[in-house]
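Taking it in order: structure first as structure tokens, then the write-up.
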Amino acid sequence: MQFEWYHFLLTVFIYLVLRNYMKSKSKPIEDRITKSLPNVKNLYLHMALLIVLPVIIFSSKLNLFPFEKWLVMLTYILTFRCGQYYINNNQQLDILYSIVTLISLFFINFGIVSREHLLTVYSYNVAIGLLALINRQTNTNQLLNDFVLVHFMFYILK
């Protein structure tokens with residue numbers, strides 16, 4: 001799977017939708033689970049550091065990481081999510097959780113993280129998801145949607 005010219009067009013679409021979302025960021029949609037969690041703002045830097053941390057820890061094995069294939073899959077996933085937002089803009093458009101889940105799947109699939117540590121990897125994903133919920137970046141519905149979508153796309157495009 002290679003990055004082709006049409007992936008660039010999809011990337012432009014993603015950029016335009018994300019830019020529109022950032023300009024018109026509305027009040028977060030809350031559900032039962034997010035209402036029960038505390039509301040803590042400005043965790044974006046903490047989440048970014050937690051996302052970069054595994055990449056730094058496993059940097060010696062990153063030569064096994066197929067960056068181009070990851071970028072193509074990420075383009076498809078974000079195009080799907082941006083298409084959902086473009087059709088119905090009454091939802092959250094958080095892409096960090098999709099990126100974390102996709103990185104985790106690639107780390108496991110390509111042997112960067114051993115399959116013995118599968119529980120640790122999914123615990124990490126749950127922790128990032130909880131941080132996103134506490135920060136009100138997303139709601140539970142979108143989080144589960146991202147989780148299932150990334151796994152589905154990963155195993156279909158594998």
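By order in the structure tokens, chains are A, B, ...; within a chain, residues start at 1; ligands start at 1, following the order shown.
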Using only C-alpha atoms, which residues sit within 8 Å of segment 7-13 of chain A once same-chain residues fewer than 6 positions away are excluded, as number ranges by chain? A: 72, 75-76, 79
DSSP on the backbone: what in segment 6-112 of chain A comes out alpha helix (DSSP H), as a VMD selection string? chain A and resid 6 to 23 32 to 36 44 to 57 67 to 87 96 to 109
By how many Å are atom CA of Ala132 of chain A and atom CA of Val113 of chain A apart? 23.6 Å
Residues near segment 141-156 of chain A, anyone? I mean within 7 Å using only C-alpha atoms, not counting same-chain ones fewer than 3 positions away, as number ranges by chain. A: 77, 98, 101-102, 129, 138
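Of the listed residues (A:Lys158, A:Arg32, A:Arg115, A:Arg81), A:Arg81 comes nearest to Val17 of chain A; the distances count only C-alpha atoms.
Ranking A:Leu130, A:Leu157, A:Ile87, A:Ile112 by their shortest atom-to-atom distance to Ile33 of chain A, with only C-alpha atoms included, puts A:Leu130 first.
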Near Lys35 of chain A, counting only C-alpha atoms, which residues have an atom at most 12 Å away, once you skip same-chain residues fewer than 2 positions from it, shown as a list in words?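 After dropping sequence-adjacent residues, the list is Pro28, Ile29, Glu30, Asp31, Arg32, Ile33, Leu37, Pro38, Asn39, Val40, Leu133, Ile134, Asn135, Arg136, Asn139 and Thr140 of chain A.
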Writing out the chosen residues with N, CA and C atoms as a short mmCIF file (atom, residue, chain, number, x, y, z; two decimals), in the first residue's frame:
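Result file follows (selection-v4.cif):
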data_model
loop_
_atom_site.label_atom_id
_atom_site.label_comp_id
_atom_site.auth_asym_id
_atom_site.auth_seq_id
_atom_site.Cartn_x
_atom_site.Cartn_y
_atom_site.Cartn_z
N PRO A 28 -19.36 20.92 23.71
CA PRO A 28 -19.27 19.46 23.63
C PRO A 28 -20.60 18.78 23.98
N ILE A 29 -20.88 17.71 23.29
CA ILE A 29 -22.08 16.93 23.55
C ILE A 29 -21.76 15.99 24.71
N GLU A 30 -22.54 16.06 25.77
CA GLU A 30 -22.29 15.22 26.93
C GLU A 30 -23.27 14.07 26.97
N ASP A 31 -22.80 12.95 27.50
CA ASP A 31 -23.66 11.80 27.70
C ASP A 31 -23.55 11.39 29.17
N ARG A 32 -24.12 10.28 29.52
CA ARG A 32 -24.13 9.86 30.93
C ARG A 32 -22.73 9.64 31.49
N ILE A 33 -21.87 9.08 30.71
CA ILE A 33 -20.53 8.79 31.21
C ILE A 33 -19.71 10.07 31.36
N LEU A 37 -17.88 12.14 34.86
CA LEU A 37 -16.46 12.40 34.99
C LEU A 37 -16.20 13.88 35.28
N PRO A 38 -15.11 14.19 35.98
CA PRO A 38 -14.81 15.61 36.23
C PRO A 38 -14.45 16.31 34.92
N ASN A 39 -14.66 17.61 34.90
CA ASN A 39 -14.39 18.41 33.72
C ASN A 39 -13.06 19.15 33.93
N VAL A 40 -12.03 18.70 33.25
CA VAL A 40 -10.71 19.32 33.37
C VAL A 40 -10.33 19.85 31.99
N LEU A 133 -12.12 12.14 27.35
CA LEU A 133 -13.45 12.37 27.93
C LEU A 133 -13.41 13.42 29.02
N ILE A 134 -12.40 13.36 29.87
CA ILE A 134 -12.28 14.35 30.95
C ILE A 134 -12.04 15.74 30.39
N ASN A 135 -11.29 15.82 29.31
CA ASN A 135 -10.99 17.11 28.68
C ASN A 135 -12.15 17.61 27.81
N ARG A 136 -13.19 16.78 27.66
CA ARG A 136 -14.36 17.10 26.84
C ARG A 136 -14.01 17.31 25.38
N ASN A 139 -17.00 12.56 23.13
CA ASN A 139 -17.94 11.90 24.04
C ASN A 139 -17.81 10.39 23.86
N THR A 140 -18.50 9.66 24.66
CA THR A 140 -18.35 8.20 24.67
C THR A 140 -18.74 7.59 23.33
#
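A straight line drawn from atom CA of Arg19 of chain A to atom CA of Ala48 of chain A is 19.1 Å long.
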One number please: atom CA of Met22 of chain A to atom CA of Leu71 of chain A, in Å, one decimal.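 Result for atom CA of Met22 of chain A versus atom CA of Leu71 of chain A: 22.1 Å, one decimal.
For the choices A:Cys82, A:Met73, A:Ala127, A:Ile51, the atom-to-atom distance to Leu16 of chain A is smallest for A:Cys82 when using only C-alpha atoms.
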Counting only C-alpha atoms, what is within 12 Å of Tyr85 of chain A, bar same-chain residues fewer than 4 positions away, as a list in words?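 Here the answer would be Phe13, Ile14, Leu16, Val17, Leu18, Asn20, Tyr21, Lys25, Leu78, Thr79, Phe80, Arg81, Asn89, Asn90, Gln91, Gln92, Leu93, Asp94, Ile95 and Gln142 of chain A.
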